[in-house]
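Novice: The following file, work_32.cif, comprises mmCIF, C-alpha atoms and all ligand atoms:
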```
data_run
#
loop_
_atom_site.label_atom_id
_atom_site.label_comp_id
_atom_site.auth_asym_id
_atom_site.auth_seq_id
_atom_site.Cartn_x
_atom_site.Cartn_y
_atom_site.Cartn_z
CA MET P 1 -17.22 19.97 -7.64
CA ALA P 2 -20.36 17.93 -7.14
CA GLY P 3 -23.54 19.12 -8.82
CA ALA P 4 -26.80 17.48 -7.78
CA SER P 5 -26.11 15.54 -4.58
CA ASN P 6 -27.64 12.32 -5.83
CA PHE P 7 -25.33 9.57 -6.97
CA ASP P 8 -25.22 5.86 -7.63
CA VAL P 9 -22.25 5.50 -5.30
CA VAL P 10 -20.45 7.78 -2.85
CA VAL P 11 -16.87 6.73 -2.11
CA VAL P 12 -15.39 8.19 1.08
CA GLY P 13 -11.59 8.45 1.10
CA ALA P 14 -9.25 9.26 -1.80
CA GLY P 15 -6.33 7.07 -0.85
CA VAL P 16 -5.26 4.37 -3.31
CA PHE P 17 -8.21 2.08 -2.47
CA GLY P 18 -10.94 4.74 -2.70
CA ALA P 19 -9.46 6.34 -5.82
CA TRP P 20 -9.34 3.06 -7.74
CA THR P 21 -12.82 2.07 -6.49
CA ALA P 22 -14.23 5.34 -7.83
CA TRP P 23 -12.30 4.82 -11.09
CA HIS P 24 -13.67 1.29 -11.63
CA LEU P 25 -17.24 2.31 -10.76
CA ALA P 26 -17.03 5.20 -13.24
CA LYS P 27 -15.78 2.78 -15.88
CA ARG P 28 -18.92 0.76 -15.14
CA LYS P 29 -21.00 3.89 -15.95
CA GLN P 30 -21.92 4.65 -12.34
CA ARG P 31 -22.48 8.24 -11.17
CA VAL P 32 -19.83 8.53 -8.49
CA LEU P 33 -18.94 11.10 -5.86
CA LEU P 34 -15.48 10.78 -4.27
CA VAL P 35 -15.30 12.63 -0.93
CA GLU P 36 -12.00 13.20 0.85
CA MET P 37 -11.40 15.24 3.99
CA TYR P 38 -7.80 16.40 3.36
CA GLY P 39 -7.05 15.80 -0.35
CA PRO P 40 -5.98 12.76 -2.46
CA ALA P 41 -2.91 10.96 -0.99
CA HIS P 42 -2.28 13.81 1.45
CA ALA P 43 0.72 13.93 3.80
CA ARG P 44 -1.06 12.01 6.61
CA ALA P 45 -2.64 9.31 4.41
CA SER P 46 -1.13 5.85 4.20
CA SER P 47 -0.98 6.40 0.43
CA GLY P 48 0.84 9.72 0.88
CA GLY P 49 4.43 8.40 0.62
CA GLU P 50 6.72 9.16 -2.33
CA THR P 51 7.27 5.52 -3.29
CA ARG P 52 5.74 2.07 -2.76
CA ILE P 53 7.02 -1.34 -3.81
CA ILE P 54 5.06 -3.42 -6.28
CA ARG P 55 6.11 -7.08 -6.14
CA THR P 56 4.21 -10.25 -6.87
CA GLY P 57 5.86 -12.60 -4.35
CA TYR P 58 3.70 -13.38 -1.31
CA GLY P 59 5.00 -16.74 -0.13
CA PRO P 60 2.11 -19.23 -0.40
CA ASP P 61 -0.61 -16.49 -0.56
CA GLU P 62 -1.27 -16.86 -4.26
CA ILE P 63 -4.35 -14.62 -4.21
CA TYR P 64 -2.08 -11.62 -3.58
CA THR P 65 0.35 -12.78 -6.29
CA ARG P 66 -2.53 -12.85 -8.79
CA TRP P 67 -3.91 -9.49 -7.64
CA SER P 68 -0.49 -7.86 -7.81
CA LYS P 69 0.13 -9.16 -11.33
CA GLN P 70 -3.30 -7.93 -12.42
CA SER P 71 -2.72 -4.58 -10.70
CA LEU P 72 0.69 -4.03 -12.29
CA GLY P 73 -0.96 -4.37 -15.70
CA GLN P 74 -3.62 -1.81 -14.78
CA TRP P 75 -1.09 0.64 -13.31
CA LYS P 76 0.98 0.42 -16.49
CA ASP P 77 -2.10 0.90 -18.68
CA LEU P 78 -3.11 3.99 -16.70
CA PHE P 79 0.36 5.53 -16.89
CA ALA P 80 0.60 4.78 -20.61
CA ALA P 81 -2.82 6.35 -21.23
CA THR P 82 -1.95 9.47 -19.22
CA GLY P 83 1.66 9.82 -20.37
CA MET P 84 2.96 9.69 -16.79
CA ARG P 85 6.18 7.87 -15.79
CA LEU P 86 5.14 6.70 -12.33
CA PHE P 87 6.39 3.11 -12.41
CA HIS P 88 10.10 2.27 -12.24
CA GLU P 89 10.93 -1.29 -13.26
CA THR P 90 13.82 -1.62 -10.80
CA GLY P 91 13.33 -5.35 -10.24
CA VAL P 92 12.54 -6.64 -6.74
CA LEU P 93 15.03 -8.89 -4.99
CA TRP P 94 13.91 -11.20 -2.18
CA LEU P 95 16.66 -12.20 0.22
CA ALA P 96 16.45 -15.27 2.46
CA ARG P 97 18.40 -16.94 5.20
CA GLU P 98 19.30 -20.63 5.12
CA GLY P 99 16.20 -22.73 5.81
CA ASP P 100 13.71 -19.96 4.91
CA VAL P 101 10.69 -21.73 3.38
CA THR P 102 8.93 -18.55 2.19
CA LEU P 103 11.33 -18.09 -0.72
CA GLU P 104 10.56 -21.53 -2.12
CA GLN P 105 6.82 -20.99 -1.57
CA THR P 106 7.14 -17.70 -3.45
CA ARG P 107 8.97 -19.41 -6.31
CA VAL P 108 6.19 -22.01 -6.60
CA ALA P 109 3.46 -19.32 -6.61
CA LEU P 110 5.28 -17.19 -9.21
CA GLN P 111 5.75 -20.25 -11.40
CA ALA P 112 2.04 -21.12 -11.09
CA CYS P 113 1.00 -17.56 -11.96
CA GLY P 114 3.42 -17.17 -14.87
CA VAL P 115 5.50 -14.42 -13.26
CA LYS P 116 9.07 -14.06 -14.54
CA HIS P 117 11.66 -14.73 -11.81
CA GLU P 118 15.22 -15.84 -11.26
CA MET P 119 16.74 -17.76 -8.33
CA LEU P 120 20.16 -16.53 -7.20
CA ALA P 121 22.67 -18.36 -5.01
CA ALA P 122 24.77 -16.45 -2.47
CA GLY P 123 27.72 -16.35 -4.90
CA ASP P 124 25.52 -14.93 -7.69
CA LEU P 125 24.27 -12.20 -5.36
CA GLU P 126 27.80 -11.24 -4.33
CA ARG P 127 29.03 -11.11 -7.92
CA ARG P 128 26.05 -9.17 -9.24
CA TYR P 129 25.65 -6.69 -6.37
CA ALA P 130 29.15 -6.15 -4.98
CA GLN P 131 27.99 -2.92 -3.25
CA VAL P 132 25.85 -4.98 -0.80
CA ASN P 133 27.01 -6.97 2.23
CA PHE P 134 25.00 -10.20 2.03
CA ASP P 135 26.08 -11.46 5.44
CA GLY P 136 23.55 -14.09 6.62
CA VAL P 137 21.84 -14.31 3.21
CA ALA P 138 21.75 -17.80 1.69
CA ARG P 139 19.87 -17.08 -1.55
CA GLY P 140 17.71 -14.63 -3.41
CA LEU P 141 14.82 -14.49 -5.84
CA LEU P 142 14.66 -11.67 -8.37
CA GLU P 143 11.38 -10.46 -9.92
CA PRO P 144 12.89 -8.50 -12.84
CA GLU P 145 9.60 -6.93 -13.99
CA SER P 146 8.49 -5.65 -10.57
CA GLY P 147 9.57 -2.34 -9.08
CA VAL P 148 8.40 0.92 -7.57
CA LEU P 149 5.28 3.08 -7.92
CA MET P 150 5.55 6.84 -7.33
CA ALA P 151 2.78 6.56 -4.76
CA ARG P 152 1.16 9.91 -4.03
CA ARG P 153 1.53 11.10 -7.61
CA ALA P 154 0.07 7.79 -8.84
CA VAL P 155 -3.03 8.31 -6.66
CA ASN P 156 -3.43 11.81 -8.06
CA CYS P 157 -3.16 10.34 -11.54
CA VAL P 158 -5.98 7.86 -10.73
CA VAL P 159 -8.19 10.64 -9.33
CA GLU P 160 -7.57 12.88 -12.36
CA SER P 161 -8.35 10.00 -14.70
CA ALA P 162 -11.53 9.18 -12.70
CA THR P 163 -12.54 12.85 -12.85
CA ARG P 164 -12.16 12.81 -16.63
CA MET P 165 -14.51 9.78 -16.66
CA GLY P 166 -17.13 11.83 -14.81
CA VAL P 167 -16.39 11.22 -11.12
CA ASN P 168 -17.30 14.23 -8.95
CA THR P 169 -14.90 15.11 -6.15
CA ARG P 170 -15.44 17.01 -2.95
CA ILE P 171 -13.31 17.99 0.06
CA ALA P 172 -15.39 17.24 3.18
CA GLN P 173 -15.31 15.11 6.30
CA ILE P 174 -18.07 12.51 6.36
CA ASN P 175 -19.82 11.59 9.60
CA PRO P 176 -20.40 7.93 10.45
CA PRO P 177 -23.55 6.62 8.72
CA ARG P 178 -26.73 6.64 10.83
CA GLY P 179 -30.33 5.54 10.52
CA ARG P 180 -32.17 2.50 9.27
CA SER P 181 -30.65 0.18 6.70
CA PRO P 182 -30.45 0.73 3.78
CA ILE P 183 -29.36 4.30 4.37
CA GLU P 184 -30.39 6.96 1.87
CA SER P 185 -27.67 9.53 2.47
CA ILE P 186 -24.57 10.44 4.44
CA GLU P 187 -23.76 13.75 6.04
CA THR P 188 -20.65 15.91 6.14
CA ALA P 189 -19.32 17.46 9.34
CA GLY P 190 -20.65 20.75 7.91
CA GLY P 191 -24.20 19.36 7.60
CA GLU P 192 -24.37 18.78 3.82
CA ARG P 193 -26.02 15.52 2.71
CA PHE P 194 -25.11 13.27 -0.21
CA ALA P 195 -27.74 10.76 -1.34
CA ALA P 196 -26.79 7.59 -3.20
CA GLY P 197 -27.70 3.96 -3.69
CA SER P 198 -24.46 2.67 -2.12
CA PHE P 199 -21.67 4.03 0.04
CA VAL P 200 -18.05 2.85 0.17
CA PHE P 201 -15.95 3.84 3.17
CA ALA P 202 -12.31 3.48 2.04
CA CYS P 203 -10.94 5.33 5.05
CA GLY P 204 -7.68 3.42 5.59
CA PRO P 205 -6.23 4.02 9.07
CA TRP P 206 -9.29 6.16 9.92
CA LEU P 207 -11.73 3.23 9.64
CA GLY P 208 -11.53 2.60 13.39
CA LYS P 209 -12.34 6.27 14.07
CA VAL P 210 -15.32 6.31 11.69
CA PHE P 211 -16.67 2.96 12.95
CA PRO P 212 -15.38 2.78 16.55
CA ASP P 213 -17.72 0.02 17.74
CA LEU P 214 -17.13 -2.29 14.79
CA LEU P 215 -13.52 -1.53 13.81
CA GLY P 216 -11.96 0.46 16.66
CA SER P 217 -10.33 -2.72 17.97
CA ARG P 218 -9.89 -4.42 14.56
CA ILE P 219 -7.81 -1.88 12.61
CA PHE P 220 -4.40 -1.28 14.19
CA PRO P 221 -2.68 1.88 12.90
CA THR P 222 1.04 1.68 13.70
CA ARG P 223 3.81 4.25 13.36
CA GLN P 224 6.31 3.53 10.56
CA GLU P 225 9.46 5.54 9.89
CA VAL P 226 11.23 5.72 6.52
CA PHE P 227 14.74 7.07 5.85
CA PHE P 228 16.47 8.16 2.64
CA PHE P 229 20.28 8.22 2.49
CA GLY P 230 22.26 10.48 0.18
CA THR P 231 24.54 8.54 -2.18
CA PRO P 232 28.16 9.54 -2.91
CA PRO P 233 28.59 12.11 -5.72
CA GLY P 234 29.00 10.60 -9.16
CA ASP P 235 28.41 7.07 -7.86
CA PRO P 236 25.75 5.07 -9.79
CA ARG P 237 26.01 1.90 -7.65
CA PHE P 238 22.97 2.71 -5.51
CA ALA P 239 20.58 3.71 -8.31
CA PRO P 240 18.78 1.51 -10.86
CA PRO P 241 19.79 -0.53 -12.78
CA ALA P 242 22.82 -1.28 -10.54
CA LEU P 243 20.70 -1.89 -7.43
CA PRO P 244 17.17 -3.36 -7.39
CA THR P 245 14.47 -2.85 -4.79
CA TRP P 246 14.98 -5.46 -2.07
CA LEU P 247 13.28 -7.15 0.88
CA PHE P 248 14.94 -9.18 3.60
CA GLN P 249 12.28 -10.71 5.84
CA GLY P 250 14.98 -12.22 8.03
CA ASP P 251 15.94 -8.66 9.06
CA GLU P 252 12.33 -7.34 8.74
CA VAL P 253 13.77 -4.63 6.49
CA TYR P 254 13.13 -3.44 2.94
CA GLY P 255 14.52 -0.72 0.78
CA MET P 256 14.88 0.65 -2.68
CA PRO P 257 17.55 2.24 -4.83
CA ASP P 258 17.97 5.97 -5.38
CA ILE P 259 14.89 6.87 -7.44
CA GLU P 260 14.41 10.36 -8.85
CA ALA P 261 17.53 11.31 -6.84
CA ARG P 262 15.72 11.14 -3.46
CA GLY P 263 18.35 8.81 -1.98
CA LEU P 264 18.54 5.13 -0.99
CA LYS P 265 15.38 4.27 0.96
CA VAL P 266 15.42 1.99 4.02
CA ALA P 267 12.62 1.08 6.43
CA LEU P 268 11.86 -1.41 9.15
CA ASP P 269 8.80 -3.50 8.32
CA ARG P 270 8.17 -4.38 11.99
CA HIS P 271 5.01 -2.75 13.41
CA GLY P 272 5.70 0.41 15.41
CA GLU P 273 3.68 1.86 18.29
CA PRO P 274 -0.10 2.40 17.95
CA VAL P 275 -0.91 5.89 16.61
CA ASP P 276 -3.72 8.24 15.64
CA PRO P 277 -3.29 9.14 11.94
CA ASP P 278 -4.59 12.70 12.49
CA THR P 279 -2.24 13.65 15.29
CA GLN P 280 0.87 11.43 15.35
CA SER P 281 4.17 13.32 15.05
CA ARG P 282 5.68 13.20 11.59
CA LEU P 283 9.18 13.84 12.92
CA PRO P 284 11.38 10.73 12.94
CA SER P 285 12.68 9.43 16.27
CA ARG P 286 16.34 9.54 17.26
CA GLU P 287 16.27 5.75 17.85
CA GLY P 288 14.79 5.18 14.38
CA ALA P 289 17.50 7.29 12.73
CA GLU P 290 20.25 5.52 14.69
CA TRP P 291 18.87 2.11 13.72
CA ALA P 292 18.67 3.14 10.03
CA ARG P 293 22.25 4.53 10.04
CA ALA P 294 23.60 1.32 11.59
CA TYR P 295 21.66 -0.89 9.18
CA VAL P 296 22.82 1.00 6.10
CA ALA P 297 26.42 0.98 7.34
CA ARG P 298 26.22 -2.80 7.75
CA ARG P 299 24.50 -3.71 4.47
CA PHE P 300 25.95 -0.94 2.26
CA PRO P 301 29.47 -0.31 3.63
CA ALA P 302 30.19 2.49 1.12
CA LEU P 303 27.27 4.44 2.65
CA LYS P 304 28.67 4.21 6.20
CA ASP P 305 28.81 8.00 6.56
CA ALA P 306 25.99 8.84 4.16
CA PRO P 307 23.72 11.65 5.34
CA ILE P 308 19.98 11.18 5.88
CA VAL P 309 18.56 13.47 3.18
CA GLU P 310 14.85 12.88 3.68
CA THR P 311 12.50 11.13 6.12
CA ARG P 312 8.83 10.11 6.21
CA VAL P 313 6.65 9.04 9.09
CA CYS P 314 3.52 7.20 8.04
CA GLN P 315 1.24 4.52 9.46
CA TYR P 316 0.28 1.00 8.49
CA GLU P 317 -3.44 0.25 8.94
CA ASN P 318 -3.11 -3.37 9.99
CA THR P 319 -5.79 -6.00 10.35
CA SER P 320 -5.20 -8.91 12.73
CA SER P 321 -3.73 -11.13 9.99
CA GLY P 322 -2.59 -8.63 7.35
CA ASP P 323 -5.44 -9.65 5.04
CA PHE P 324 -7.44 -6.78 3.56
CA LEU P 325 -10.87 -5.78 4.83
CA ILE P 326 -13.38 -5.57 1.97
CA ASP P 327 -16.91 -6.35 3.10
CA ARG P 328 -20.44 -5.10 3.57
CA HIS P 329 -21.13 -3.33 6.86
CA PRO P 330 -23.00 -5.86 9.05
CA ASP P 331 -25.67 -3.27 10.01
CA PHE P 332 -26.16 -1.50 6.65
CA THR P 333 -26.85 -3.47 3.48
CA ASN P 334 -25.66 -0.65 1.18
CA VAL P 335 -22.50 0.38 3.09
CA TRP P 336 -19.14 -1.17 2.19
CA LEU P 337 -15.92 -1.14 4.21
CA VAL P 338 -12.58 -1.13 2.36
CA GLY P 339 -9.15 -0.98 3.96
CA GLY P 340 -6.74 -2.94 6.08
CA GLY P 341 -3.90 -2.56 3.57
CA SER P 342 -1.58 -3.65 6.41
CA GLY P 343 1.66 -2.25 5.02
CA HIS P 344 1.36 -4.02 1.65
CA GLY P 345 -1.86 -2.68 0.12
CA PHE P 346 -0.72 0.10 -2.21
CA LYS P 347 0.28 -2.06 -5.16
CA HIS P 348 -3.14 -3.77 -5.11
CA GLY P 349 -5.15 -0.56 -5.57
CA PRO P 350 -6.41 -1.48 -9.07
CA ALA P 351 -7.48 -5.01 -8.08
CA VAL P 352 -9.08 -3.80 -4.83
CA GLY P 353 -11.03 -1.16 -6.76
CA GLN P 354 -12.19 -3.64 -9.37
CA TYR P 355 -13.22 -6.24 -6.77
CA THR P 356 -15.03 -3.65 -4.63
CA GLY P 357 -16.80 -2.16 -7.64
CA ALA P 358 -18.07 -5.61 -8.62
CA LEU P 359 -19.33 -6.33 -5.08
CA VAL P 360 -21.17 -2.99 -4.95
CA LEU P 361 -22.82 -3.86 -8.27
CA GLY P 362 -23.91 -7.23 -6.87
CA GLU P 363 -21.38 -9.28 -8.84
CA GLY P 364 -18.56 -11.64 -7.97
CA ALA P 365 -18.00 -13.98 -5.05
CA ALA P 366 -16.90 -12.47 -1.74
CA GLU P 367 -13.50 -13.73 -0.57
CA ALA P 368 -13.81 -15.04 3.02
CA ARG P 369 -10.38 -13.80 4.07
CA PHE P 370 -11.43 -10.19 3.36
CA SER P 371 -14.56 -10.40 5.56
CA VAL P 372 -15.23 -8.42 8.73
CA ALA P 373 -15.94 -11.75 10.47
CA SER P 374 -12.37 -12.93 9.81
CA LYS P 375 -10.87 -9.89 11.56
CA SER P 376 -9.84 -10.55 15.14
CA THR P 377 -9.09 -8.06 17.90
CA GLN P 378 -5.76 -9.86 18.52
CA GLN P 379 -2.94 -9.26 16.05
CA GLN P 380 -1.25 -12.29 14.57
CA ARG P 381 0.44 -11.20 11.37
CA ALA P 382 0.36 -13.86 8.67
CA VAL P 383 0.51 -11.86 5.41
CA HIS P 384 3.51 -9.66 4.59
C1 LIG U 401 5.74 3.52 5.40
C2 LIG U 401 4.83 2.69 4.56
C3 LIG U 401 5.36 1.89 3.57
C4 LIG U 401 4.53 1.11 2.78
N1 LIG U 401 5.09 0.38 1.77
C5 LIG U 401 4.29 -0.26 0.91
C6 LIG U 401 4.86 -0.87 -0.23
O1 LIG U 401 6.08 -0.80 -0.45
N2 LIG U 401 4.04 -1.51 -1.10
C7 LIG U 401 2.69 -1.57 -0.91
O2 LIG U 401 2.01 -2.17 -1.74
N3 LIG U 401 2.11 -0.99 0.17
C8 LIG U 401 2.88 -0.32 1.08
N4 LIG U 401 2.33 0.31 2.15
C9 LIG U 401 0.89 0.16 2.42
C10 LIG U 401 0.03 1.08 1.59
O3 LIG U 401 0.62 2.35 1.44
C11 LIG U 401 -1.37 1.21 2.24
O4 LIG U 401 -1.88 -0.09 2.50
C12 LIG U 401 -2.33 1.93 1.31
O5 LIG U 401 -1.79 3.17 0.89
C13 LIG U 401 -3.66 2.18 2.05
O6 LIG U 401 -4.51 2.96 1.24
P1 LIG U 401 -5.95 3.38 1.73
O7 LIG U 401 -6.61 4.02 0.58
O8 LIG U 401 -6.62 2.22 2.39
O9 LIG U 401 -5.68 4.43 2.94
P2 LIG U 401 -5.26 5.99 2.88
O10 LIG U 401 -4.28 6.25 1.84
O11 LIG U 401 -4.91 6.40 4.27
O12 LIG U 401 -6.60 6.70 2.45
C14 LIG U 401 -7.72 6.82 3.30
C15 LIG U 401 -8.32 8.18 3.04
O13 LIG U 401 -9.59 8.28 3.69
C16 LIG U 401 -9.76 9.63 4.07
N5 LIG U 401 -10.78 9.69 5.11
C17 LIG U 401 -10.79 9.00 6.28
N6 LIG U 401 -11.88 9.29 7.00
C18 LIG U 401 -12.60 10.17 6.26
C19 LIG U 401 -13.84 10.85 6.48
N7 LIG U 401 -14.57 10.67 7.60
N8 LIG U 401 -14.30 11.69 5.52
C20 LIG U 401 -13.57 11.91 4.38
N9 LIG U 401 -12.39 11.30 4.14
C21 LIG U 401 -11.91 10.43 5.05
C22 LIG U 401 -8.37 10.01 4.59
O14 LIG U 401 -8.19 11.41 4.63
C23 LIG U 401 -7.47 9.31 3.60
O15 LIG U 401 -7.08 10.17 2.54
C24 LIG U 401 3.13 1.10 3.00
C25 LIG U 401 2.58 1.91 3.99
C26 LIG U 401 3.42 2.71 4.77
C27 LIG U 401 2.82 3.59 5.82
#
```
As structure tokens, how would this structure be written, given the file I've shared?

Specialist:
Amino acid sequence: MAGASNFDVVVVGAGVFGAWTAWHLAKRKQRVLLVEMYGPAHARASSGGETRIIRTGYGPDEIYTRWSKQSLGQWKDLFAATGMRLFHETGVLWLAREGDVTLEQTRVALQACGVKHEMLAAGDLERRYAQVNFDGVARGLLEPESGVLMARRAVNCVVESATRMGVNTRIAQINPPRGRSPIESIETAGGERFAAGSFVFACGPWLGKVFPDLLGSRIFPTRQEVFFFGTPPGDPRFAPPALPTWLFQGDEVYGMPDIEARGLKVALDRHGEPVDPDTQSRLPSREGAEWARAYVARRFPALKDAPIVETRVCQYENTSSGDFLIDRHPDFTNVWLVGGGSGHGFKHGPAVGQYTGALVLGEGAAEARFSVASKSTQQQRAVH
């Protein structure tokens, strides 16, 4: 619980971005308050899923390759220091159709960044992963050292570690900042005030609700459904190491093997309908379940009649391009906006936190593609 309500920095939002921002600021000896309205990585947060992929491939977008590599190191260090097993090195397999240029761009970026990878021809894929139907797949690229983060538990691990470094935490809903810039304090819905030198709003899909004029039409929360399929009894073919995590952009689908016995995970990466993260239904749709059943039957024939054993309904918090939003608020010199993870942000939590912490402390060069100014009100997805 917070003591004196006077801090160097108040971070609003304990999803993966806010948690790591608080962690990095504490490491820099800042007095930090982390305020969250529901609880770290709660069931409605974008960071609240069981699992998230960490891969370094991003086509030609090398900045994300570098950030992911850096982040993987920090995740592993945190888990080693805390004795938690929250990263599974399943490997991540990219699948591509004939003529897909992204795979080659990814190979070039991984080579340039010193990331271990292996190119696989269609025949290699079929021999190595006989449990998969690779119909329409011309080649693959395997990142053997990438894998899966146990998402909501990993965020809790970051918050606990930050707390041990002195970060205060509080459950409260913060009102939008008001007054003359620079602001001296922010207020909770219950009327309590927290004073600080700087304020970071890492509110994920809620950013448009907290800043409706600035971000209401620039952050696009979309409904995303996730399905887990039960594997046959005594059959190890759908668990690591037999099956890696995989992405097939040609189908706009990704999935992962049976981790911690939750089942084989499959999800459509295409943006769903616009939603409100507070109120959207968390029950999966009949159409979504039918699509998932048909997809699994096609790609994993042995799972044709597999039962759906678990589902999740979450939301992406997309920007127009898929690039993150990390910038100073245009009206308040000491207010920072952090979010726009756009369906791929989780893995980058450590790098986002480190970058944001440096900006708040007046260090480092701001990356133009993360600016508010670069965010359009028309969606044209470029980063995946
Ligand atoms: C189905 C799905 C699959 C995904 N798969 C991947 C993947 O495989 N790999 C990957 O890297 N990324 C993935 N992502 C994306 C990733 O999960 C998100 O980009 C990331 O979790 C966003 O984190 P965040 O901290 O910005 O937002 P959140 O986790 O939503 O956190 C924001 C927090 O702010 C709090 N908050 C908001 N307003 C207030 C307020 N006024 N006062 C107090 N607190 C407030 C909220 O309660 C919330 O806890 C996926 C996302 C989804 C939905």

Novice: For ligand LIG 401 (chain U), return the neighbouring residues as an MDAnalysis selection string (distance at most 7 Å; only C-alpha atoms and all ligand atoms).

Specialist: chainID P and resid 12:18 35:42 45:49 52:54 172:175 202:207 210 224:226 313:317 338:348

Novice: Taking all atoms listed in the file into account, which of P:Arg31, P:Arg180, P:Arg328, P:Arg128 comes nearest Gly140 of chain P?

Specialist: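 Closest to Gly140 of chain P, using all atoms listed in the file: P:Arg128.
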
Novice: When you draw a straight line from atom CA of Gln74 of chain P to atom CA of Ala351 of chain P, how long is it in Å?

Specialist: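 Separation of atom CA of Gln74 of chain P and atom CA of Ala351 of chain P: 8.4 Å.
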
Novice: State, in Å with one decimal place, the distance from atom CA of Ala162 of chain P to atom CA of Leu34 of chain P.

Specialist: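 Going from atom CA of Ala162 of chain P over to atom CA of Leu34 of chain P, I get 9.4 Å.
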
Novice: Go through P:Phe229, P:Phe238, P:Trp20, P:Phe87 and flag the residue nearest Val266 of chain P, using all atoms listed in the file for the distances.

Specialist: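 Checking each of P:Phe229, P:Phe238, P:Trp20, P:Phe87 against Val266 of chain P, counting all atoms listed in the file, the winner is P:Phe229.
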
Novice: Please determine, counting all atoms listed in the file, which residue among P:Asn133, P:Thr311, P:Gln354, P:Ser321 has the shortest atom-to-atom distance to Ser371 of chain P.

Specialist: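 Checking each candidate against Ser371 of chain P, we get P:Ser321 as the closest.
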
Novice: Just the number, please: distance in Å from atom CA of Ala306 of chain P to atom CA of Glu89 of chain P, one decimal.

Specialist: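 It comes out at 25.2 Å.
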
Novice: Between P:Arg262, P:Arg270, P:Arg237, P:Arg282, which is the closest to Ala302 of chain P once you count all atoms listed in the file?

Specialist: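 Distance minimum relative to Ala302 of chain P lands on P:Arg237.
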
Novice: Please list as JSON, numbers by chain every residue within 6 Å of Thr106 of chain P, counting only C-alpha atoms and excluding residues in the same chain fewer than 4 positions away.

Specialist: {"P": [57, 58, 59, 102]}

Novice: Taking 5 positions as the minimum chain separation for residues in the same chain, which residues sit within 12 Å of Ala109 of chain P when counting only C-alpha atoms? Answer as a short mmCIF file (atom, residue, chain, number, x, y, z; two decimals) with C-alpha atoms, in the coordinates of the input.

Specialist:
```cif
data_model
loop_
_atom_site.label_atom_id
_atom_site.label_comp_id
_atom_site.auth_asym_id
_atom_site.auth_seq_id
_atom_site.Cartn_x
_atom_site.Cartn_y
_atom_site.Cartn_z
CA THR P 56 4.21 -10.25 -6.87
CA GLY P 57 5.86 -12.60 -4.35
CA TYR P 58 3.70 -13.38 -1.31
CA GLY P 59 5.00 -16.74 -0.13
CA PRO P 60 2.11 -19.23 -0.40
CA ASP P 61 -0.61 -16.49 -0.56
CA GLU P 62 -1.27 -16.86 -4.26
CA ILE P 63 -4.35 -14.62 -4.21
CA TYR P 64 -2.08 -11.62 -3.58
CA THR P 65 0.35 -12.78 -6.29
CA ARG P 66 -2.53 -12.85 -8.79
CA LYS P 69 0.13 -9.16 -11.33
CA THR P 102 8.93 -18.55 2.19
CA LEU P 103 11.33 -18.09 -0.72
CA GLU P 104 10.56 -21.53 -2.12
CA GLY P 114 3.42 -17.17 -14.87
CA VAL P 115 5.50 -14.42 -13.26
CA LYS P 116 9.07 -14.06 -14.54
CA HIS P 117 11.66 -14.73 -11.81
#
```

Novice: Using all atoms listed in the file, find the one residue out of P:Thr231, P:Asn318, P:Gln105, P:Thr90 that sits nearest to Asp305 of chain P.

Specialist: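 Under the stated criterion, the closest residue is P:Thr231.
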
Novice: Considering only C-alpha atoms, can you say which of P:Val9, P:Val159, P:Leu72, P:Ala242 comes closest to Arg127 of chain P?

Specialist: P:Ala242

Novice: Write out as a ChimeraX atom specification each polymer residue whose atoms come within 9 Å of Ala366 of chain P, counting all atoms listed in the file; drop sequence neighbours fewer than 6 positions from it.

Specialist: /P:326-327,355,359

Novice: Might you pull out every residue within 7 Å of Asp269 of chain P, with only C-alpha atoms counted and same-chain residues fewer than 6 positions away left off, and present them as a list of chain:residue names?

Specialist: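 Listed by chain and then number, they are P:Glu252, P:Val253, P:Tyr254.
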
Novice: Just want the 9 Å neighbourhood of Leu264 of chain P, counted on all atoms listed in the file, with same-chain residues fewer than 3 positions away dropped. Output as a list in words.

Specialist: Phe227, Phe228, Phe229, Gly230, Thr231, Phe238, Ala239, Gly255, Met256, Pro257, Asp258, Ile259 and Ala261 of chain P
